[in-house]
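Source file query_4.cif; content: mmCIF, C-alpha atoms and all ligand atoms.
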```
data_input
loop_
_atom_site.label_atom_id
_atom_site.label_comp_id
_atom_site.auth_asym_id
_atom_site.auth_seq_id
_atom_site.Cartn_x
_atom_site.Cartn_y
_atom_site.Cartn_z
CA MET Q 229 -12.93 13.37 5.92
CA LYS Q 230 -10.76 16.34 4.92
CA LYS Q 231 -9.36 14.85 1.68
CA TYR Q 232 -8.88 11.49 -0.02
CA THR Q 233 -5.43 11.22 -1.51
CA ALA Q 234 -4.49 7.97 0.26
CA ILE Q 235 -6.30 5.08 1.95
CA LYS Q 236 -5.09 6.32 5.34
CA ASP Q 237 -7.42 9.31 4.97
CA ILE Q 238 -10.31 6.97 5.82
CA GLU Q 239 -10.63 6.91 9.60
CA ASN Q 240 -12.84 3.83 9.97
CA LEU Q 241 -12.44 1.58 6.95
CA SER Q 242 -14.90 -1.16 7.95
CA GLU Q 243 -17.59 1.40 8.75
CA THR Q 244 -16.94 3.26 5.46
CA ILE Q 245 -17.27 0.02 3.46
CA LYS Q 246 -20.49 -0.82 5.30
CA GLN Q 247 -21.91 2.64 4.60
CA ALA Q 248 -20.92 2.41 0.90
CA ILE Q 249 -22.81 -0.89 0.59
CA GLU Q 250 -25.83 0.70 2.31
CA LEU Q 251 -25.68 3.65 -0.13
CA LYS Q 252 -26.38 1.24 -2.99
CA GLU Q 253 -29.88 0.66 -1.61
CA ASN Q 254 -30.78 4.33 -1.93
CA PRO Q 255 -28.09 6.30 -3.81
CA PHE Q 256 -30.07 9.56 -3.70
CA GLN Q 257 -30.69 9.71 0.05
CA TYR Q 258 -28.05 12.44 0.51
CA GLU Q 259 -29.05 14.45 -2.57
CA ALA Q 260 -29.34 17.66 -0.55
CA LEU Q 261 -25.77 17.40 0.79
CA GLY Q 262 -24.08 18.49 -2.43
CA LYS Q 263 -26.60 21.15 -3.46
CA GLN Q 264 -24.79 24.28 -4.71
CA LYS Q 265 -21.43 22.51 -4.34
CA THR Q 266 -19.14 21.89 -7.30
CA LEU Q 267 -16.71 19.09 -8.02
CA VAL Q 268 -13.99 19.97 -10.53
CA MET Q 269 -12.34 16.90 -12.05
CA LEU Q 270 -8.92 17.40 -13.67
CA PHE Q 271 -7.66 14.71 -16.01
CA PHE Q 272 -4.00 14.78 -16.95
CA ASN Q 273 -4.60 11.25 -18.33
CA SER Q 274 -7.54 9.46 -19.88
CA SER Q 275 -10.18 7.49 -18.03
CA LEU Q 276 -13.45 5.68 -18.58
CA ARG Q 277 -14.54 4.32 -15.18
CA THR Q 278 -13.04 6.91 -12.85
CA ARG Q 279 -14.43 9.77 -14.86
CA LEU Q 280 -17.97 8.48 -15.23
CA SER Q 281 -18.34 6.85 -11.80
CA THR Q 282 -17.01 9.91 -9.93
CA GLU Q 283 -19.32 12.21 -11.90
CA LYS Q 284 -22.25 9.89 -11.22
CA ALA Q 285 -21.36 9.75 -7.52
CA ALA Q 286 -21.20 13.55 -7.29
CA LYS Q 287 -24.53 13.93 -9.10
CA ASN Q 288 -26.14 11.34 -6.80
CA LEU Q 289 -25.17 13.73 -4.00
CA GLY Q 290 -26.69 16.69 -5.85
CA MET Q 291 -23.35 18.28 -6.81
CA ASN Q 292 -22.48 20.21 -9.95
CA VAL Q 293 -19.57 18.69 -11.86
CA MET Q 294 -17.05 20.36 -14.17
CA THR Q 295 -14.39 18.33 -15.97
CA LEU Q 296 -11.20 19.61 -17.56
CA ASN Q 297 -8.95 17.46 -19.73
CA VAL Q 298 -5.78 19.26 -18.75
CA GLY Q 299 -3.91 17.81 -21.72
CA GLU Q 300 -6.19 19.83 -23.98
CA THR Q 301 -5.22 23.14 -22.35
CA TRP Q 302 -1.57 24.06 -21.89
CA ASP Q 303 1.26 22.53 -19.92
CA LEU Q 304 1.41 23.48 -16.26
CA GLU Q 305 4.70 24.26 -14.52
CA PHE Q 306 5.42 22.56 -11.19
CA GLU Q 307 9.01 23.65 -10.50
CA GLU Q 308 9.59 26.34 -7.88
CA GLY Q 309 11.45 29.43 -9.09
CA THR Q 310 11.69 28.28 -12.69
CA ILE Q 311 12.09 30.70 -15.62
CA MET Q 312 9.00 29.90 -17.67
CA ASN Q 313 10.36 30.62 -21.13
CA LEU Q 314 9.76 27.11 -22.50
CA LYS Q 315 6.59 25.05 -23.01
CA SER Q 316 4.63 25.59 -19.77
CA ALA Q 317 2.21 28.51 -19.92
CA GLU Q 318 0.86 28.56 -16.35
CA HIS Q 319 2.27 27.72 -12.94
CA ILE Q 320 0.45 25.33 -10.60
CA LYS Q 321 0.45 28.13 -7.98
CA GLU Q 322 -2.00 30.23 -10.01
CA ALA Q 323 -3.88 27.29 -11.54
CA ALA Q 324 -4.64 25.58 -8.21
CA GLN Q 325 -5.75 28.82 -6.55
CA VAL Q 326 -7.94 29.82 -9.50
CA ILE Q 327 -9.59 26.38 -9.77
CA SER Q 328 -10.22 26.48 -6.01
CA GLN Q 329 -12.46 29.51 -6.58
CA TYR Q 330 -14.63 27.49 -8.96
CA ALA Q 331 -14.64 24.25 -6.95
CA ASP Q 332 -15.62 22.99 -3.51
CA ILE Q 333 -13.67 19.79 -4.13
CA ILE Q 334 -10.97 19.12 -6.74
CA ALA Q 335 -10.29 15.60 -8.03
CA VAL Q 336 -7.07 14.92 -9.95
CA ARG Q 337 -5.80 12.09 -12.17
CA ALA Q 338 -2.10 12.20 -13.02
CA PHE Q 339 -0.13 9.10 -14.05
CA PRO Q 340 3.63 8.59 -13.56
CA SER Q 341 6.30 9.04 -16.21
CA LEU Q 342 7.63 5.53 -15.48
CA ILE Q 343 11.01 6.98 -16.47
CA ASN Q 344 12.24 8.72 -13.31
CA ARG Q 345 11.27 6.82 -10.14
CA GLU Q 346 12.39 9.50 -7.69
CA GLN Q 347 10.45 12.18 -9.56
CA ASP Q 348 7.33 10.00 -9.82
CA GLU Q 349 7.46 9.19 -6.11
CA LEU Q 350 7.44 12.91 -5.29
CA GLU Q 351 3.97 12.95 -6.90
CA PRO Q 352 4.52 16.52 -8.18
CA ILE Q 353 1.01 17.07 -9.55
CA ILE Q 354 -1.15 15.85 -6.67
CA THR Q 355 1.30 17.15 -4.04
CA ASN Q 356 1.23 20.63 -5.54
CA PHE Q 357 -2.56 20.62 -5.78
CA ILE Q 358 -2.69 19.70 -2.07
CA LYS Q 359 -0.18 22.50 -1.36
CA TYR Q 360 -1.72 25.32 -3.39
CA ALA Q 361 -5.45 24.54 -3.61
CA SER Q 362 -7.68 25.90 -0.86
CA VAL Q 363 -10.27 23.10 -1.17
CA PRO Q 364 -10.08 19.33 -0.48
CA ILE Q 365 -8.33 17.12 -3.03
CA ILE Q 366 -9.32 13.63 -4.19
CA ASN Q 367 -6.81 11.31 -5.86
CA MET Q 368 -8.36 9.76 -8.99
CA GLU Q 369 -5.10 7.80 -9.59
CA SER Q 370 -1.70 9.32 -9.13
CA ALA Q 371 1.79 8.06 -9.88
CA THR Q 372 1.84 5.64 -6.96
CA ALA Q 373 -1.73 5.20 -5.71
CA HIS Q 374 -5.32 4.62 -6.80
CA PRO Q 375 -7.22 4.79 -3.50
CA LEU Q 376 -10.70 5.11 -5.04
CA GLN Q 377 -10.12 1.86 -6.92
CA ALA Q 378 -8.87 0.13 -3.78
CA LEU Q 379 -11.95 1.22 -1.85
CA ALA Q 380 -14.21 -0.18 -4.60
CA ASP Q 381 -12.17 -3.42 -4.49
CA ALA Q 382 -12.63 -3.73 -0.74
CA ILE Q 383 -16.37 -3.11 -1.08
CA THR Q 384 -16.56 -5.85 -3.75
CA ILE Q 385 -14.68 -8.39 -1.63
CA GLU Q 386 -16.91 -7.59 1.34
CA GLU Q 387 -20.00 -8.21 -0.79
CA PHE Q 388 -18.79 -11.47 -2.36
CA LYS Q 389 -16.85 -13.11 0.49
CA ARG Q 390 -18.24 -16.40 1.74
CA SER Q 391 -16.02 -16.79 4.82
CA LYS Q 392 -14.86 -14.42 7.55
CA THR Q 393 -11.26 -14.42 6.31
CA PRO Q 394 -11.20 -15.13 2.57
CA LYS Q 395 -8.00 -15.91 0.73
CA VAL Q 396 -7.17 -13.07 -1.68
CA VAL Q 397 -4.38 -13.40 -4.24
CA LEU Q 398 -2.93 -10.45 -6.15
CA SER Q 399 -1.48 -11.88 -9.35
CA TRP Q 400 0.72 -10.14 -11.89
CA ALA Q 401 -0.24 -10.97 -15.51
CA PRO Q 402 1.41 -10.20 -18.87
CA HIS Q 403 0.72 -6.99 -20.82
CA PRO Q 404 2.31 -5.54 -23.97
CA LYS Q 405 2.69 -2.02 -22.54
CA LYS Q 406 4.53 -0.76 -19.48
CA LEU Q 407 1.97 0.01 -16.79
CA PRO Q 408 2.11 1.91 -13.48
CA HIS Q 409 2.17 0.38 -9.99
CA ALA Q 410 -0.63 2.53 -8.56
CA VAL Q 411 -3.49 0.00 -8.64
CA ALA Q 412 -1.35 -2.82 -7.25
CA ASN Q 413 0.14 -0.56 -4.55
CA SER Q 414 -3.24 0.59 -3.30
CA PHE Q 415 -4.70 -2.92 -3.46
CA VAL Q 416 -1.80 -4.22 -1.34
CA GLU Q 417 -2.26 -1.40 1.18
CA MET Q 418 -5.99 -2.04 1.32
CA MET Q 419 -5.64 -5.82 1.81
CA GLN Q 420 -3.11 -5.25 4.60
CA LYS Q 421 -5.88 -3.40 6.46
CA ARG Q 422 -8.58 -6.03 5.87
CA ASP Q 423 -9.31 -9.36 7.52
CA VAL Q 424 -8.07 -11.49 4.59
CA ASP Q 425 -5.47 -14.18 3.97
CA PHE Q 426 -3.41 -12.19 1.45
CA VAL Q 427 -0.80 -13.46 -1.01
CA ILE Q 428 1.03 -11.70 -3.85
CA THR Q 429 2.32 -13.66 -6.83
CA HIS Q 430 4.48 -12.45 -9.72
CA PRO Q 431 7.58 -13.53 -11.65
CA PRO Q 432 10.94 -12.59 -10.07
CA GLY Q 433 11.87 -9.01 -10.96
CA TYR Q 434 8.33 -7.67 -10.57
CA GLU Q 435 8.56 -7.00 -6.81
CA LEU Q 436 6.56 -3.92 -5.88
CA ASP Q 437 7.98 -1.19 -3.65
CA PRO Q 438 9.07 -3.10 -0.50
CA ARG Q 439 7.96 -0.12 1.62
CA ILE Q 440 4.42 -0.97 0.46
CA THR Q 441 4.48 -4.79 0.39
CA LYS Q 442 6.23 -4.83 3.82
CA ASN Q 443 5.75 -8.34 5.19
CA SER Q 444 2.97 -9.45 2.80
CA ILE Q 445 3.57 -13.00 1.56
CA ILE Q 446 5.07 -13.21 -1.94
CA ILE Q 447 4.98 -16.56 -3.76
CA TYR Q 448 6.76 -16.77 -7.12
CA ASN Q 449 4.84 -19.89 -8.19
CA GLN Q 450 1.43 -18.75 -9.44
CA GLU Q 451 -0.17 -22.20 -9.23
CA GLU Q 452 0.91 -22.59 -5.61
CA ALA Q 453 -0.32 -19.08 -4.76
CA PHE Q 454 -3.76 -19.81 -6.25
CA GLN Q 455 -4.39 -22.87 -4.08
CA ASN Q 456 -7.67 -22.43 -2.13
CA ALA Q 457 -8.03 -18.83 -3.33
CA ASP Q 458 -11.41 -17.18 -2.93
CA PHE Q 459 -10.47 -14.10 -4.97
CA VAL Q 460 -7.80 -13.67 -7.66
CA TYR Q 461 -7.16 -9.98 -8.29
CA THR Q 462 -5.14 -9.64 -11.47
CA LYS Q 463 -3.10 -6.67 -12.61
CA ASN Q 464 -0.07 -6.05 -14.73
CA TRP Q 465 2.62 -3.67 -13.58
CA SER Q 466 6.06 -2.85 -14.92
CA SER Q 467 9.21 -3.57 -12.96
CA TYR Q 468 9.81 -1.38 -9.91
CA SER Q 469 13.51 -2.22 -9.44
CA ASN Q 470 14.26 -1.76 -13.18
CA TYR Q 471 11.88 1.14 -13.07
CA GLY Q 472 9.17 1.12 -15.73
CA GLU Q 473 10.70 -1.73 -17.72
CA ILE Q 474 8.92 -4.76 -19.13
CA LEU Q 475 11.12 -7.71 -18.25
CA LYS Q 476 11.08 -10.94 -20.19
CA THR Q 477 7.43 -11.75 -19.63
CA ASP Q 478 5.91 -15.17 -19.51
CA ALA Q 479 2.58 -15.67 -21.33
CA ASN Q 480 1.97 -18.58 -18.99
CA TRP Q 481 1.07 -16.04 -16.31
CA MET Q 482 -2.20 -15.24 -18.14
CA ILE Q 483 -5.22 -16.14 -15.97
CA THR Q 484 -7.09 -19.18 -17.30
CA LYS Q 485 -10.28 -20.90 -16.21
CA GLU Q 486 -8.28 -23.93 -15.20
CA LYS Q 487 -5.94 -21.93 -12.95
CA LEU Q 488 -8.74 -19.88 -11.40
CA GLY Q 489 -10.72 -22.91 -10.22
CA THR Q 490 -13.63 -21.78 -8.06
CA ALA Q 491 -12.14 -18.38 -7.17
CA LYS Q 492 -13.76 -15.10 -8.16
CA PHE Q 493 -11.85 -13.09 -10.77
CA MET Q 494 -11.26 -9.39 -10.15
CA HIS Q 495 -9.56 -6.71 -12.27
CA CYS Q 496 -9.75 -2.92 -12.13
CA LEU Q 497 -10.30 -2.70 -15.93
CA PRO Q 498 -9.53 -1.93 -18.70
CA VAL Q 499 -8.32 -5.45 -19.36
CA ARG Q 500 -6.77 -7.03 -22.46
CA ARG Q 501 -8.62 -10.24 -23.28
CA ASN Q 502 -6.52 -13.33 -23.96
CA VAL Q 503 -3.37 -11.51 -22.85
CA VAL Q 504 -4.08 -10.79 -19.19
CA VAL Q 505 -7.02 -13.20 -18.85
CA GLU Q 506 -8.72 -15.61 -21.21
CA ASP Q 507 -12.26 -15.12 -22.50
CA ALA Q 508 -13.41 -18.23 -20.67
CA VAL Q 509 -12.80 -16.44 -17.35
CA LEU Q 510 -14.17 -13.01 -18.23
CA ASP Q 511 -17.30 -14.52 -19.78
CA SER Q 512 -17.92 -16.86 -16.87
CA GLU Q 513 -19.85 -16.44 -13.63
CA HIS Q 514 -16.51 -16.39 -11.81
CA SER Q 515 -15.74 -12.92 -13.15
CA ILE Q 516 -17.04 -10.09 -10.94
CA VAL Q 517 -15.28 -7.28 -12.81
CA ILE Q 518 -18.52 -5.57 -13.94
CA LYS Q 519 -19.91 -5.46 -10.40
CA GLN Q 520 -16.48 -4.33 -9.20
CA ALA Q 521 -16.60 -1.43 -11.67
CA ASN Q 522 -20.11 -0.55 -10.47
CA ASN Q 523 -18.71 -0.19 -6.97
CA ARG Q 524 -16.48 2.64 -8.22
CA THR Q 525 -19.57 4.87 -8.01
CA PHE Q 526 -20.26 3.99 -4.37
CA ALA Q 527 -16.61 4.23 -3.36
CA ALA Q 528 -16.50 7.75 -4.84
CA GLN Q 529 -19.86 8.64 -3.35
CA ILE Q 530 -18.96 7.65 0.21
CA VAL Q 531 -15.70 9.62 -0.11
CA LEU Q 532 -17.47 12.70 -1.51
CA LYS Q 533 -20.12 12.42 1.20
CA GLY Q 534 -17.45 12.31 3.91
CA ILE Q 535 -15.72 15.39 2.50
CA LEU Q 536 -18.97 17.34 1.94
CA GLU Q 537 -19.95 16.73 5.57
CA ASN Q 538 -16.69 18.41 6.63
CA LEU Q 539 -16.85 21.49 4.39
N1 LIG R 1 -9.94 1.29 -13.17
C1 LIG R 1 -9.85 2.55 -13.63
O1 LIG R 1 -9.34 3.45 -12.94
O2 LIG R 1 -10.41 2.73 -14.86
P1 LIG R 1 -10.22 4.03 -15.76
O3 LIG R 1 -8.76 4.13 -16.10
O4 LIG R 1 -11.09 3.77 -16.97
O5 LIG R 1 -10.67 5.22 -14.99
#
```

Take the structure in the file and give it back as structure tokens.
Ligand code: CP
Amino acid sequence: MKKYTAIKDIENLSETIKQAIELKENPFQYEALGKQKTLVMLFFNSSLRTRLSTEKAAKNLGMNVMTLNVGETWDLEFEEGTIMNLKSAEHIKEAAQVISQYADIIAVRAFPSLINREQDELEPIITNFIKYASVPIINMESATAHPLQALADAITIEEFKRSKTPKVVLSWAPHPKKLPHAVANSFVEMMQKRDVDFVITHPPGYELDPRITKNSIIIYNQEEAFQNADFVYTKNWSSYSNYGEILKTDANWMITKEKLGTAKFMHCLPVRRNVVVEDAVLDSEHSIVIKQANNRTFAAQIVLKGILENL
């Protein structure tokens, strides 16, 4: 693997998922692979799981890890040919090249503005790191994608499925803040590549980018969508068509024990209790969110291993 900025960077998805599950048996078996190699993690936005699981994954492979909260330094400039007499103190051209001298792999987290759709879709931060860095880049959640999360989700479904082709439902749920589309986008892309019966459900107005959902089935009635579901993957996202807006939301879209039935509950976390999902679900044996979060380590580790083997 040369980089991991999108799911398509994985050549053999089924084999990668299988190897990630095998890694869990002996996480330190490739400890020599990352010796004297350094992962630099750049956070333009905060994180709990991605930060800790990616660091743990790198250390399981024997790597050194350095983390920079970019928000605590100075603003970087991404525009070409700009006159830098305002806020930005350093251009991405220098920053990416300099960091590349300290790192063997650079991982970047950079959320969207949710104000300007065209600008967000250009992915200026991750795209410029790919352009100017001289080492492989990993996407730790960008404006439009969270491929590490999606890989962990696929690993979790593989571990918990009880039939060859389980029914997986991606359900929108209410949230008080406007949230990005990245997790939902990558989950949709991942499910389209897996042997699952996949359905998306959300209120009208919350359609994701049609270039991503393509011909995935969308059902606007949540109860109907949940029928015979094996997995309910829940996530809030803001409107894509009315970009970044919270439309008139319906609290009835919260996931309840009654609605879930016998399905397993999944969420990328963090999750707002009794807004997105009721306590009775999260505190029940149907919730697999903690095990799902544990798989973030092995998703990151199999990606780092693949890149280290290509250095
Ligand atoms: N799911 C996820 O990416 O969690 P963090 O935002 O805590 O990294």

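The coordinates place atom CA of Ile530 of chain Q at 10.7 Å from atom CA of Glu243 of chain Q.
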
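For the choices Q:Glu307, Q:Glu351, Q:Glu322, Q:Glu369, the atom-to-atom distance to ligand LIG 1 (chain R) is smallest for Q:Glu369 when using only C-alpha atoms and all ligand atoms.
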
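Using all atoms listed in the file, the shortest contact distance between Ala285 of chain Q and any of Q:His430, Q:Lys395, Q:Lys252, Q:Lys230 is found at Q:Lys252.
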
- Message: I'd like the neighbourhood of Leu267 of chain Q as number ranges by chain, where a residue qualifies if any of its atoms comes within 6 Å (using only C-alpha atoms), though same-chain residues fewer than 6 positions away should be ignored.
- Response: Q: 293, 331, 333-334

Using the selection just defined, write its residues with C-alpha atoms as a PDB file, in the coordinates of the input.
```pdb
ATOM      1  CA  VAL Q 293     -19.570  18.690 -11.860  1.00  0.00           C
ATOM      2  CA  ALA Q 331     -14.640  24.250  -6.950  1.00  0.00           C
ATOM      3  CA  ILE Q 333     -13.670  19.790  -4.130  1.00  0.00           C
ATOM      4  CA  ILE Q 334     -10.970  19.120  -6.740  1.00  0.00           C
TER       5      ILE Q 334
END
```

Notebook entry, point to check: Leaving out Leu497 of chain Q and any residue of its chain fewer than 4 positions from it, which residues lie within 10 Å of it when counting all atoms listed in the file, given as a PyMOL selection string?
Noted result: chain Q and resi 276-277+462-463+517-518+520-521

Please return as a VMD selection string the residues found within 9 Å of ligand LIG 1 (chain R), counting all atoms listed in the file. chain Q and resid 273 to 281 337 368 to 369 374 376 to 377 411 495 to 498 521 524

Tell me which protein, DNA and RNA residues are within 8 Å of Lys231 of chain Q, counting all atoms listed in the file, leaving out same-chain ones fewer than 5 positions away, and put them as a VMD selection string.
chain Q and resid 237 364 to 366 535

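With atom CA of Asp423 of chain Q on one side and atom CA of Lys284 of chain Q on the other, the separation reads 29.8 Å.
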
From atom CA of Val460 of chain Q to atom CA of Leu475 of chain Q the spacing works out at 22.5 Å

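The smallest atom-to-atom distance between Ser467 of chain Q and any of Q:Ser414, Q:Pro431, Q:Ile447, Q:Lys485, using all atoms listed in the file, is found for Q:Pro431.
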
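Minimum distance to Glu473 of chain Q across Q:Pro438, Q:Pro404, Q:Gly534, Q:Pro352 (counting only C-alpha atoms) occurs at Q:Pro404.
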